[in-house]
Amino acid sequence: MTDLISFYEQLWQIRLFEGHVQRLAASGEVPGFPHLSTGQEAVAVGVCANLSDGDTLFSGHRAHGHTLAMGSDPYATFCEVIGRQDGQCQGRGGSMHLVDVSTGMLGATGVVAGNISLAAGAAWAAQVKNEMSGAGKIAVVFFGDGATGSGLFHETLNLAGLWKLPLLFVCENNGMAEFTGREEHSDVAKVSAFAAPYGIPAETIDGNDVLKVDAAAQAAIAAMRKGAGPYLLECMTYRMAGHYVGDAQHYRSKEEMAKMKEKDPIERLRLHLLGKGRTAEELDAIALKAKTAMTAAVERARKSPLPDPATVMDYVYSADFPGRQENAQWN
Amino acid sequence: MSAAGLQQLQEMLKIRRFEEQCIALARADKLPGHYHVYIGQEATAVAACAALAPEDFIFSTWRNHGHLLARGASPVKMLAEILGRSGGYASGKSGTLHLSAGELGVPSTSALVGGSLPLATGAALACKRSGKGIAVAFFGDAALEEGAFYESMIIAQVWQVPILFICENNSIPPKERKRGQYTSSTLPAERLGDVPQALQVPSEAVDGTDVAAMNECFARLTAEVRGGGGPRFVEVCCSRWPGNIMTWPELPGGEWQIDWAFGGKPDHEGMATWLESDPLQRYLKKLVAAGTLDRAQVEAMDAAVLKEIAGAAKLALESPFPPASDAYRHVFAAQEARL
Amino acid sequence: MKITFAEGLAKAVYESLAADPRVVLIGSSFMGLNMTARKLMEPAVRDYSDRMLVTPVSELALAGAGIGAAMCGQRPVVDLGTGSFIYQAFAQVANEAANIHYMSGGQSSAPVTFYCLAGMRGMGAAQHSQRTQAMLGQVPGLQVLTPGGADDAYQLLKWCLLKSQNPTVFICHSLLFTETSEIAADEPMLPVGQARIRRQGTDLSIIASSITVPRAMAAAEILDKKHGVAAEVVDLRSIVPLDRETILKSVAKTGRVVIADECHKSFGVAAEIAATIAEEGFSYLTAPLIRVVVADVPIPFSQPLEEELTVSPDKIVAAALKVLGN
């Protein structure tokens, strides 16, 4: 269901959330090295709009946008990013290991390509259930162009093609693998070319046009729910911030940085909506609403409690682990 | 052509008889552990090695006897190693699985599916840096299922290193597979070469039963690789020998008979059919048809090969087992402890 | 001259590139996320860029390529980045590199160095805080070096690149980058396989490696100034080869041991040292030994949780006092 106003609000939410992360990371309040999806919001919003209860999602290390687009509470998400007790993982995961099972966001990973095969497993589980109940559920995995260097990516394409898994591969091709431009480490310009040998249909689209992302995802997912098998959607996009906060981006030119503004997904949707008869005031009000909500969530998160160190051994194993007590005593 | 052709036939025959000897030793409970034979694929090793120079490197798999013999390895030292004896190339440390011959440019053999591909790519890097030689990686179709294959293709292509990837596809077609057999791979790819091709590594396929086609193909590809053209991939389409279908090698119809190339038929239907795709038999028949040699000469050649192999087996069996203290040797290479 | 740990690494790389044309860098970040330290690599990039290969995110194949190139005459160092990523390359490191000399019966060697930045770096969370030395120490055929000071950062890395004949995992810790040492121009290197006594003492032996070396030194200072205890600090320098002789000699002298290590408690480096002491030095002990190690828990992201697990100078001091109280 294409609700453009909702898209506009969601894009702003992610943009603002990331802005807070960036700001507070600069002052050291957000610890570690968070990875921002600033500029890539349209991919998350456009794809996730087509998911529903029972679908699952996996991401890489740049997962804030996906997490929010799946419907996670911004307060809990920011708590997790700054290591507070009220985070979805009670402070244990942080930015690169966000998980919100309640929305179907089964995990981010800090290991490039690390989640691709996990998503295949989730897709296979969905397939088993689909065969029994006709539910038509799917799994989605987001990864960057850098992940296509991994053998795990290849192995998973192979399996997905072989088993006709309901798995949507979404490659956010922002042309950069950490600090290396794609042309330096790969001879293959378009990631979608990788899918063909495995019999997996693929397409490359402008990932900064949320309408295009939504349309492409909708078509692929609708077919997948009917048993069409895997699909690879390559979304060309732009990483407006660095690889991680603190990355001064010396490897990018001024011209490049200026061009980025033209590709801004929020700006493009705004222009589209204005063309469709929405007013600037209306749109500004939506942006303001998002801003107020994000600021409130972030401020509340900043004041929230840290986890209690005495709980550090909780969740190493599940509650029924036979060695649980012995483990706690020994350590 | 004639002398080279006869030479190649003889090399193929040597591999065949060597492998049959391994099976005999296994049946006599002399060959320890699991092992793999190269029967039915002899032409590939022979044709490929004909295109190589002494400074080149070869990386093989657990199915390595053919590659080593074609490269010029000593049957005695190979058999001794396969039997775990001290006279083997690695003094019994590698056995058949990791058979290697350093002086022949076969530094180490991985028995992990796809395990040798990154190593071979590194060897090619070394060749590029030193300005000498190329690397050749032999592997099976299953290796394409491993991430290591894919990653090796990527870096070989990005670094433009001199490597020839030779994939010996001996898989059983999906429709013919049954339980209990040696596992065959399945890739959704129509042609194995589609995968490397997508990674910009030029790929082609060649008939593994056609010696002449393979001679041309390998000569051409090694020249391209040697000339700095970067990596190449070739799928050698083999027909799996019936004795290699089950998990342990068998000898359906018994040892190969010269008679089968001259009108005779094995007492095993599967073998009789398969012989039409046997690269050794096909090449023999071709040479005979061309008048290059007659049956008597074939029999003489075979007798000489059998004698050599039997002699090698005898010496290998006489080679003592390594002493227990050898277990502690060669964990680390000797080195200076200081700068 | 005084150098920092990071300077030592950069100096070792540059001098090795200059000394031997066979040295090649497969991946060359070395300094991880430390942007200041990265600048130290600029001279090498400027002068030897042809020997620095660009790498896709393909740790498995890159590790294997390093091994293969080493087998065929090169002296590569494979920069695997964050220590955890050695797991991506594990099959090649543990099942190929380590076995090559042995399974070829001595015909082949693989003088390749796998460089990584391992350890709890602060808010690295579960996947970026792995300490892999214990697991790798369990693989016969691999050398595992763990420099704990700038002097060893320089000398050990240079030795790996120029002299080692065996596959080596060189484990650095990003929190060591600012540690300093004095090095003399022609000072002969302490042989590989020999531990370094960083501080002499008679009351207690603290066995440490990598990041626990400066923490043990800080603890020793506190023990001296506040408690009048003279602690001896043994810097292992390498897990494999492990200098059991120096460890036992120290234990024989002091009779009391604290082992400080950043690996997990169960099946870790400290466990091996404790077993060695129990088997060979039992009679030296006048009190049970204590291990100050990381609990068997994946590393959590949140700071207070991570601090709870960290092997700190205070924890070492507390353990020392406990050992001495018996």
# chains A, B, ... in the order shown; residues from 1 in each chain; ligands from 1
call {"tool": "residues_around", "arguments": {"residues": "Trp62 of chain B", "least_positions_apart": "5", "cutoff": "12 Å", "atoms": "only C-alpha atoms", "output": "list in words"}}
result
His34, Tyr35, His36, Val37, Tyr38, His67, Leu68, Ile82, Ser94, Gly95, Thr96, Leu97, His98, Leu99, Ser100, Ser108, Thr109, Ser110, Ala111, Leu112, Val113, Gly114, Gly115, Ser116, Phe138, Phe139 and Gly140 of chain B
call {"tool": "interface_residues", "arguments": {"of": "chain A", "to": "chain C", "cutoff": "9 Å", "atoms": "only C-alpha atoms", "output": "PyMOL selection string"}}
result
chain A and resi 31-33+80-85+90-97+109-113+146-151+177+180+182+184-186+246-247+306-316+327-328+330-331
call {"tool": "residues_around", "arguments": {"residues": "Ala6 of chain C", "least_positions_apart": "6", "cutoff": "8 Å", "atoms": "only C-alpha atoms", "output": "short mmCIF file (atom, residue, chain, number, x, y, z; two decimals) with all heavy atoms, in the first residue's frame"}}
result
data_model
loop_
_atom_site.label_atom_id
_atom_site.label_comp_id
_atom_site.auth_asym_id
_atom_site.auth_seq_id
_atom_site.Cartn_x
_atom_site.Cartn_y
_atom_site.Cartn_z
N MET C 31 46.37 -0.51 11.11
CA MET C 31 46.07 0.32 12.28
C MET C 31 44.57 0.35 12.57
O MET C 31 44.14 1.10 13.44
CB MET C 31 46.59 1.74 12.08
CG MET C 31 48.06 1.82 11.77
SD MET C 31 49.07 1.13 13.12
CE MET C 31 50.70 1.32 12.41
N ALA C 37 46.99 6.74 13.89
CA ALA C 37 47.99 5.71 13.66
C ALA C 37 48.12 5.39 12.18
O ALA C 37 49.20 5.06 11.70
CB ALA C 37 47.67 4.47 14.47
N LEU C 40 50.88 6.79 10.10
CA LEU C 40 52.21 6.22 10.21
C LEU C 40 52.53 5.29 9.04
O LEU C 40 53.70 5.02 8.76
CB LEU C 40 52.34 5.44 11.53
CG LEU C 40 52.21 6.28 12.80
CD1 LEU C 40 52.07 5.36 14.01
CD2 LEU C 40 53.42 7.19 12.97
N ALA C 150 55.96 -1.89 22.86
CA ALA C 150 56.38 -1.32 21.58
C ALA C 150 57.64 -2.00 21.05
O ALA C 150 57.78 -2.19 19.84
CB ALA C 150 56.62 0.18 21.74
N ALA C 153 56.52 -5.10 19.46
CA ALA C 153 55.71 -4.82 18.27
C ALA C 153 56.65 -4.68 17.08
O ALA C 153 56.45 -5.26 16.02
CB ALA C 153 54.90 -3.55 18.46
N LEU C 176 46.96 -1.04 22.68
CA LEU C 176 48.38 -0.97 22.99
C LEU C 176 49.10 0.10 22.18
O LEU C 176 50.28 0.36 22.41
CB LEU C 176 49.05 -2.33 22.70
CG LEU C 176 48.75 -3.46 23.67
CD1 LEU C 176 49.27 -4.78 23.11
CD2 LEU C 176 49.38 -3.20 25.03
N PHE C 177 48.41 0.68 21.22
CA PHE C 177 49.08 1.56 20.26
C PHE C 177 49.89 2.69 20.88
O PHE C 177 50.88 3.11 20.31
CB PHE C 177 48.05 2.16 19.29
CG PHE C 177 47.68 1.24 18.16
CD1 PHE C 177 48.13 -0.07 18.11
CD2 PHE C 177 46.86 1.69 17.14
CE1 PHE C 177 47.78 -0.93 17.07
CE2 PHE C 177 46.50 0.85 16.08
CZ PHE C 177 46.96 -0.45 16.05
N THR C 178 49.47 3.17 22.03
CA THR C 178 50.20 4.30 22.61
C THR C 178 51.25 3.88 23.63
O THR C 178 51.96 4.72 24.17
CB THR C 178 49.22 5.29 23.27
OG1 THR C 178 48.37 4.54 24.14
CG2 THR C 178 48.38 6.01 22.22
#
call {"tool": "residues_around", "arguments": {"residues": "Gly193 of chain C", "least_positions_apart": "4", "cutoff": "7 Å", "atoms": "only C-alpha atoms", "output": "PyMOL selection string"}}
result
chain C and resi 238+241-243
call {"tool": "write_last_selection", "arguments": {"atoms": "N, CA and C atoms", "output": "PDB file, in the first residue's frame"}}
result
ATOM      1  N   SER C 238      54.836 -14.482  23.248  1.00  0.00           N
ATOM      2  CA  SER C 238      54.239 -15.422  22.297  1.00  0.00           C
ATOM      3  C   SER C 238      53.517 -16.527  23.050  1.00  0.00           C
ATOM      4  N   PRO C 241      55.648 -20.090  20.170  1.00  0.00           N
ATOM      5  CA  PRO C 241      56.098 -20.962  21.254  1.00  0.00           C
ATOM      6  C   PRO C 241      55.890 -20.337  22.640  1.00  0.00           C
ATOM      7  N   LEU C 242      55.550 -21.168  23.596  1.00  0.00           N
ATOM      8  CA  LEU C 242      55.298 -20.701  24.954  1.00  0.00           C
ATOM      9  C   LEU C 242      56.562 -20.942  25.783  1.00  0.00           C
ATOM     10  N   ASP C 243      57.056 -19.918  26.432  1.00  0.00           N
ATOM     11  CA  ASP C 243      58.292 -20.049  27.208  1.00  0.00           C
ATOM     12  C   ASP C 243      57.983 -20.595  28.601  1.00  0.00           C
TER      13      ASP C 243
END
call {"tool": "interface_residues", "arguments": {"of": "chain C", "to": "chain B", "cutoff": "8 Å", "atoms": "only C-alpha atoms", "output": "mmCIF file with N, CA, C and O atoms, in the first residue's frame"}}
result
data_model
loop_
_atom_site.group_PDB
_atom_site.id
_atom_site.type_symbol
_atom_site.label_atom_id
_atom_site.label_comp_id
_atom_site.auth_asym_id
_atom_site.auth_seq_id
_atom_site.Cartn_x
_atom_site.Cartn_y
_atom_site.Cartn_z
ATOM 1 N N LEU C 53 48.583 -4.975 -1.959
ATOM 2 C CA LEU C 53 47.482 -5.395 -2.812
ATOM 3 C C LEU C 53 46.154 -4.937 -2.238
ATOM 4 O O LEU C 53 45.922 -5.041 -1.042
ATOM 5 N N THR C 55 42.307 -5.338 -1.515
ATOM 6 C CA THR C 55 41.625 -6.580 -1.199
ATOM 7 C C THR C 55 40.114 -6.419 -1.085
ATOM 8 O O THR C 55 39.634 -5.547 -0.381
ATOM 9 N N PRO C 56 39.366 -7.299 -1.741
ATOM 10 C CA PRO C 56 37.921 -7.352 -1.504
ATOM 11 C C PRO C 56 37.663 -7.981 -0.141
ATOM 12 O O PRO C 56 38.611 -8.459 0.508
ATOM 13 N N SER C 58 37.183 -10.701 1.351
ATOM 14 C CA SER C 58 37.263 -12.128 1.039
ATOM 15 C C SER C 58 38.357 -12.755 1.880
ATOM 16 O O SER C 58 39.361 -13.260 1.358
ATOM 17 N N LEU C 60 38.776 -15.445 3.524
ATOM 18 C CA LEU C 60 39.136 -16.845 3.320
ATOM 19 C C LEU C 60 40.139 -16.971 2.178
ATOM 20 O O LEU C 60 41.198 -17.578 2.315
ATOM 21 N N ALA C 61 39.795 -16.390 1.053
ATOM 22 C CA ALA C 61 40.674 -16.511 -0.108
ATOM 23 C C ALA C 61 41.945 -15.699 0.066
ATOM 24 O O ALA C 61 43.006 -16.105 -0.412
ATOM 25 N N LEU C 62 41.861 -14.586 0.741
ATOM 26 C CA LEU C 62 43.060 -13.774 0.936
ATOM 27 C C LEU C 62 44.055 -14.510 1.828
ATOM 28 O O LEU C 62 45.257 -14.501 1.579
ATOM 29 N N ALA C 63 43.535 -15.141 2.874
ATOM 30 C CA ALA C 63 44.413 -15.915 3.745
ATOM 31 C C ALA C 63 45.054 -17.039 2.943
ATOM 32 O O ALA C 63 46.260 -17.274 3.008
ATOM 33 N N GLY C 64 44.230 -17.724 2.162
ATOM 34 C CA GLY C 64 44.735 -18.829 1.354
ATOM 35 C C GLY C 64 45.746 -18.355 0.321
ATOM 36 O O GLY C 64 46.756 -19.017 0.070
ATOM 37 N N ALA C 65 45.481 -17.200 -0.258
ATOM 38 C CA ALA C 65 46.420 -16.672 -1.245
ATOM 39 C C ALA C 65 47.755 -16.379 -0.584
ATOM 40 O O ALA C 65 48.823 -16.635 -1.146
ATOM 41 N N GLY C 66 47.689 -15.857 0.637
ATOM 42 C CA GLY C 66 48.925 -15.602 1.370
ATOM 43 C C GLY C 66 49.697 -16.889 1.597
ATOM 44 O O GLY C 66 50.917 -16.936 1.426
ATOM 45 N N ILE C 67 48.987 -17.930 1.941
ATOM 46 C CA ILE C 67 49.638 -19.218 2.194
ATOM 47 C C ILE C 67 50.262 -19.752 0.913
ATOM 48 O O ILE C 67 51.413 -20.196 0.884
ATOM 49 N N GLY C 68 49.482 -19.718 -0.151
ATOM 50 C CA GLY C 68 49.967 -20.224 -1.430
ATOM 51 C C GLY C 68 51.179 -19.451 -1.922
ATOM 52 O O GLY C 68 52.152 -20.035 -2.418
ATOM 53 N N ALA C 69 51.133 -18.140 -1.793
ATOM 54 C CA ALA C 69 52.258 -17.324 -2.237
ATOM 55 C C ALA C 69 53.490 -17.627 -1.387
ATOM 56 O O ALA C 69 54.610 -17.693 -1.889
ATOM 57 N N ALA C 70 53.279 -17.848 -0.095
ATOM 58 C CA ALA C 70 54.393 -18.170 0.800
ATOM 59 C C ALA C 70 55.009 -19.512 0.429
ATOM 60 O O ALA C 70 56.225 -19.681 0.444
ATOM 61 N N MET C 71 54.183 -20.456 0.087
ATOM 62 C CA MET C 71 54.694 -21.776 -0.305
ATOM 63 C C MET C 71 55.556 -21.670 -1.545
ATOM 64 O O MET C 71 56.386 -22.522 -1.818
ATOM 65 N N CYS C 72 55.312 -20.635 -2.342
ATOM 66 C CA CYS C 72 55.998 -20.508 -3.627
ATOM 67 C C CYS C 72 56.975 -19.349 -3.635
ATOM 68 O O CYS C 72 57.220 -18.756 -4.692
ATOM 69 N N GLY C 73 57.535 -19.031 -2.497
ATOM 70 C CA GLY C 73 58.682 -18.137 -2.465
ATOM 71 C C GLY C 73 58.466 -16.711 -2.001
ATOM 72 O O GLY C 73 59.437 -15.980 -1.823
ATOM 73 N N GLN C 74 57.224 -16.297 -1.788
ATOM 74 C CA GLN C 74 57.014 -14.927 -1.322
ATOM 75 C C GLN C 74 56.970 -14.893 0.202
ATOM 76 O O GLN C 74 56.929 -15.927 0.846
ATOM 77 N N ALA C 91 39.411 -21.931 7.973
ATOM 78 C CA ALA C 91 39.736 -23.176 7.267
ATOM 79 C C ALA C 91 41.124 -23.095 6.656
ATOM 80 O O ALA C 91 41.890 -24.050 6.692
ATOM 81 N N GLN C 92 41.468 -21.957 6.106
ATOM 82 C CA GLN C 92 42.772 -21.834 5.465
ATOM 83 C C GLN C 92 43.887 -21.719 6.495
ATOM 84 O O GLN C 92 44.953 -22.320 6.344
ATOM 85 N N GLU C 96 44.991 -25.480 6.607
ATOM 86 C CA GLU C 96 45.950 -25.525 5.504
ATOM 87 C C GLU C 96 47.323 -25.074 5.993
ATOM 88 O O GLU C 96 48.261 -25.861 6.066
ATOM 89 N N ASN C 99 49.185 -27.072 8.594
ATOM 90 C CA ASN C 99 49.480 -28.466 8.265
ATOM 91 C C ASN C 99 50.513 -28.665 7.172
ATOM 92 O O ASN C 99 50.987 -29.773 6.967
ATOM 93 N N ILE C 100 50.804 -27.614 6.447
ATOM 94 C CA ILE C 100 51.568 -27.791 5.220
ATOM 95 C C ILE C 100 52.949 -28.403 5.433
ATOM 96 O O ILE C 100 53.309 -29.348 4.734
ATOM 97 N N HIS C 101 53.691 -27.913 6.362
ATOM 98 C CA HIS C 101 55.041 -28.445 6.557
ATOM 99 C C HIS C 101 54.968 -29.893 7.005
ATOM 100 O O HIS C 101 55.733 -30.746 6.557
ATOM 101 N N TYR C 102 54.018 -30.172 7.865
ATOM 102 C CA TYR C 102 53.880 -31.510 8.420
ATOM 103 C C TYR C 102 53.379 -32.498 7.392
ATOM 104 O O TYR C 102 53.976 -33.552 7.179
ATOM 105 N N MET C 103 52.271 -32.158 6.745
ATOM 106 C CA MET C 103 51.718 -33.175 5.866
ATOM 107 C C MET C 103 52.499 -33.344 4.566
ATOM 108 O O MET C 103 52.328 -34.345 3.879
ATOM 109 N N SER C 104 53.394 -32.434 4.282
ATOM 110 C CA SER C 104 54.257 -32.658 3.133
ATOM 111 C C SER C 104 55.548 -33.330 3.584
ATOM 112 O O SER C 104 56.479 -33.501 2.794
ATOM 113 N N GLY C 105 55.595 -33.704 4.842
ATOM 114 C CA GLY C 105 56.784 -34.358 5.369
ATOM 115 C C GLY C 105 58.011 -33.467 5.299
ATOM 116 O O GLY C 105 59.131 -33.932 5.089
ATOM 117 N N GLY C 106 57.792 -32.153 5.442
ATOM 118 C CA GLY C 106 58.923 -31.231 5.453
ATOM 119 C C GLY C 106 59.278 -30.652 4.100
ATOM 120 O O GLY C 106 60.191 -29.834 3.989
ATOM 121 N N GLN C 107 58.566 -31.017 3.051
ATOM 122 C CA GLN C 107 58.921 -30.520 1.717
ATOM 123 C C GLN C 107 58.597 -29.051 1.544
ATOM 124 O O GLN C 107 59.306 -28.308 0.874
ATOM 125 N N SER C 108 57.467 -28.664 2.079
ATOM 126 C CA SER C 108 56.999 -27.293 1.873
ATOM 127 C C SER C 108 56.919 -26.541 3.178
ATOM 128 O O SER C 108 56.663 -27.125 4.213
ATOM 129 N N SER C 109 57.112 -25.228 3.096
ATOM 130 C CA SER C 109 56.828 -24.383 4.258
ATOM 131 C C SER C 109 55.974 -23.219 3.796
ATOM 132 O O SER C 109 55.960 -22.875 2.613
ATOM 133 N N PRO C 140 48.419 -27.104 16.106
ATOM 134 C CA PRO C 140 49.857 -27.345 15.973
ATOM 135 C C PRO C 140 50.348 -26.933 14.592
ATOM 136 O O PRO C 140 49.705 -27.223 13.589
ATOM 137 N N GLY C 141 51.473 -26.259 14.572
ATOM 138 C CA GLY C 141 52.012 -25.798 13.293
ATOM 139 C C GLY C 141 51.882 -24.303 13.103
ATOM 140 O O GLY C 141 52.520 -23.736 12.205
ATOM 141 N N GLN C 155 60.084 -5.496 16.895
ATOM 142 C CA GLN C 155 61.005 -6.602 16.618
ATOM 143 C C GLN C 155 60.312 -7.875 16.171
ATOM 144 O O GLN C 155 60.758 -8.551 15.243
ATOM 145 N N LYS C 158 58.882 -7.478 12.592
ATOM 146 C CA LYS C 158 59.967 -7.495 11.608
ATOM 147 C C LYS C 158 60.509 -8.921 11.441
ATOM 148 O O LYS C 158 60.777 -9.373 10.333
ATOM 149 N N TRP C 159 60.614 -9.625 12.544
ATOM 150 C CA TRP C 159 61.084 -11.002 12.495
ATOM 151 C C TRP C 159 60.125 -11.873 11.674
ATOM 152 O O TRP C 159 60.545 -12.685 10.851
ATOM 153 N N LEU C 162 60.579 -11.043 7.949
ATOM 154 C CA LEU C 162 61.875 -11.321 7.323
ATOM 155 C C LEU C 162 62.457 -12.697 7.637
ATOM 156 O O LEU C 162 63.192 -13.247 6.818
ATOM 157 N N LYS C 163 62.184 -13.227 8.817
ATOM 158 C CA LYS C 163 62.920 -14.422 9.245
ATOM 159 C C LYS C 163 62.083 -15.673 9.463
ATOM 160 O O LYS C 163 62.593 -16.794 9.293
ATOM 161 N N SER C 164 60.875 -15.517 9.883
ATOM 162 C CA SER C 164 60.074 -16.686 10.240
ATOM 163 C C SER C 164 59.921 -17.631 9.060
ATOM 164 O O SER C 164 59.724 -17.207 7.933
ATOM 165 N N GLN C 165 59.997 -18.915 9.325
ATOM 166 C CA GLN C 165 59.803 -19.913 8.271
ATOM 167 C C GLN C 165 58.475 -20.626 8.420
ATOM 168 O O GLN C 165 58.181 -21.567 7.679
ATOM 169 N N ASN C 166 57.699 -20.181 9.382
ATOM 170 C CA ASN C 166 56.451 -20.871 9.679
ATOM 171 C C ASN C 166 55.273 -19.916 9.662
ATOM 172 O O ASN C 166 55.432 -18.717 9.849
ATOM 173 N N PRO C 188 70.192 -6.372 19.913
ATOM 174 C CA PRO C 188 69.743 -7.655 19.394
ATOM 175 C C PRO C 188 68.377 -8.001 19.989
ATOM 176 O O PRO C 188 68.094 -7.702 21.135
ATOM 177 N N MET C 189 67.586 -8.641 19.138
ATOM 178 C CA MET C 189 66.235 -8.955 19.569
ATOM 179 C C MET C 189 66.240 -10.128 20.542
ATOM 180 O O MET C 189 67.009 -11.069 20.397
ATOM 181 N N LEU C 190 65.374 -10.070 21.496
ATOM 182 C CA LEU C 190 65.189 -11.221 22.370
ATOM 183 C C LEU C 190 64.654 -12.348 21.480
ATOM 184 O O LEU C 190 63.725 -12.134 20.709
ATOM 185 N N PRO C 191 65.232 -13.552 21.566
ATOM 186 C CA PRO C 191 64.793 -14.594 20.630
ATOM 187 C C PRO C 191 63.297 -14.878 20.759
ATOM 188 O O PRO C 191 62.716 -14.792 21.853
ATOM 189 N N VAL C 192 62.723 -15.263 19.640
ATOM 190 C CA VAL C 192 61.321 -15.676 19.656
ATOM 191 C C VAL C 192 61.236 -16.962 20.463
ATOM 192 O O VAL C 192 62.038 -17.864 20.294
ATOM 193 N N GLY C 193 60.300 -17.024 21.350
ATOM 194 C CA GLY C 193 60.185 -18.197 22.201
ATOM 195 C C GLY C 193 60.697 -17.913 23.594
ATOM 196 O O GLY C 193 60.597 -18.757 24.485
#
call {"tool": "residues_around", "arguments": {"residues": "Ile58 of chain B", "least_positions_apart": "5", "cutoff": "6 Å", "atoms": "only C-alpha atoms", "output": "tab-separated table (two decimals) with all heavy atoms, in the first residue's frame"}}
result
chain	number	residue	atom	x	y	z
B	106	VAL	N	54.57	-29.24	-6.84
B	106	VAL	CA	53.31	-29.60	-6.19
B	106	VAL	C	53.57	-29.47	-4.69
B	106	VAL	O	53.83	-30.46	-4.03
B	106	VAL	CB	52.86	-31.04	-6.54
B	106	VAL	CG1	51.42	-31.27	-6.09
B	106	VAL	CG2	52.99	-31.30	-8.02
B	135	ALA	N	50.41	-20.88	-12.27
B	135	ALA	CA	49.80	-21.86	-11.36
B	135	ALA	C	48.61	-22.50	-12.05
B	135	ALA	O	47.90	-21.84	-12.82
B	135	ALA	CB	49.36	-21.18	-10.08
B	136	VAL	N	48.45	-23.79	-11.82
B	136	VAL	CA	47.29	-24.50	-12.34
B	136	VAL	C	46.56	-25.13	-11.17
B	136	VAL	O	47.18	-25.78	-10.33
B	136	VAL	CB	47.70	-25.61	-13.34
B	136	VAL	CG1	46.49	-26.43	-13.75
B	136	VAL	CG2	48.36	-24.99	-14.56
B	137	ALA	N	45.26	-24.91	-11.09
B	137	ALA	CA	44.46	-25.52	-10.03
B	137	ALA	C	43.52	-26.53	-10.67
B	137	ALA	O	42.72	-26.18	-11.53
B	137	ALA	CB	43.67	-24.45	-9.29
call {"tool": "interface_residues", "arguments": {"of": "chain A", "to": "chain B", "cutoff": "12 Å", "atoms": "only C-alpha atoms", "output": "ChimeraX atom specification"}}
result
/A:113,117,147-164,182-200
